[in-house]
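*Asks:* Quick one: the structure is below, and I'll ask about it shortly.
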Amino acid sequence: MCRLMVYKGESGVLMADLLTHPPRSIITQSYASRERLQGNTNGDGFGVGWYVPSSPPDPVEERGKNESREEERDADGGKPCVFTSITPAWNNMNLSRLAKTISSPLIFAHVRAAIPGMMVTEANCHPFQFGRFLFMHNGHIAEFSKISRKARNSLSDQLYNFLQGTTDSELIFAIFLNQIQDFNK
């Protein structure tokens, strides 16, 4: 099974203080889990997502810029950042470097242990992002192959085209978004 963690706080926390520094961090658990019943690693990829706290624009920097740039910034202001890889989290130097410099009040982290037969691709690494939403899931839907086609066909065109991977988790996320009438806001 995968492992995940979420931090939500009033102020930002350094990502490394959650992912790498603690003795039982999610990165440590990905290769040295004491509780895991089958296998002992979560080495089929990882992902981390975070929200950048919004800050007012610098008036000096903004002077002379046109309105379309301001609208572009406002439109992207609520979107989270996501970094995924199919390498094991414990062996990814970019993750270590990012974790030492990024601070956020809302962080999602996921280390993956793919079920047998599930492709190991970046498109299957969590968290999944759509607009301002992030999503992670632990576990699997029994007999997923029997319901996948019908579930995919129930989605709006926009959400059907959003799907890139082959996991039940990404499909669950799309089904959830399909139930929200104003997910684009």
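Residues in the structure tokens are named by chain (A, B, ... in the order shown) and by number from 1 within that chain; ligands are numbered from 1 in the order shown.
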Within 12 Å of A:Asp157, counting only C-alpha atoms, which residues qualify if same-chain residues fewer than 5 places away don't, as a PyMOL selection string?

*Replies:* chain A and resi 152+162-163+174+178

*Asks:* Give the strand (DSSP E or B) residues of stretch 70-173 of chain A, as assigned by DSSP on the backbone, as a ChimeraX atom specification.

*Replies:* /A:81-85,103-111,128-130,133-135

*Asks:* To one decimal place in Å, what is the distance between atom CA of A:Ile107 and atom CA of A:Met5?

*Replies:*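 That distance, rounded to one decimal, is 8.1 Å.
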
*Asks:* Give me, please, the distance in Å between atom CA of A:Ile86 and atom CA of A:Pro53, quoted to one decimal.

*Replies:*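 So the answer is 27.6 Å.
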
*Asks:* For stretch 100-103 of chain A, find every residue with an atom within 6 Å (counting only C-alpha atoms), except residues of its own chain fewer than 4 positions away, and show them as a PyMOL selection string.

*Replies:* chain A and resi 12-16

*Asks:* Counting only C-alpha atoms, which residue out of A:Leu155, A:Val52, A:Met136, A:Met118 sits closest to A:Arg3?

*Replies:* A:Met136

*Asks:* Using only C-alpha atoms, pick whichever of A:Thr20, A:Thr121, A:Asp168, A:Ser11 has the shortest atom-to-atom distance to A:Phe144.

*Replies:*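 When distances to A:Phe144 are compared using only C-alpha atoms, the smallest one comes from A:Asp168.
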
*Asks:* Using only C-alpha atoms, determine which residues lie at most 12 Å from A:Glu10, disregarding the query and same-chain residues fewer than 6 positions distant; provide the list as an NGL selection string.

*Replies:* :A and (53 or 104-106)

*Asks:* Would you mind listing what lies within 6 Å of A:Cys2 as an NGL selection string, with only C-alpha atoms counted and same-chain residues fewer than 6 positions away left out?

*Replies:* :A and (111-113 or 138)
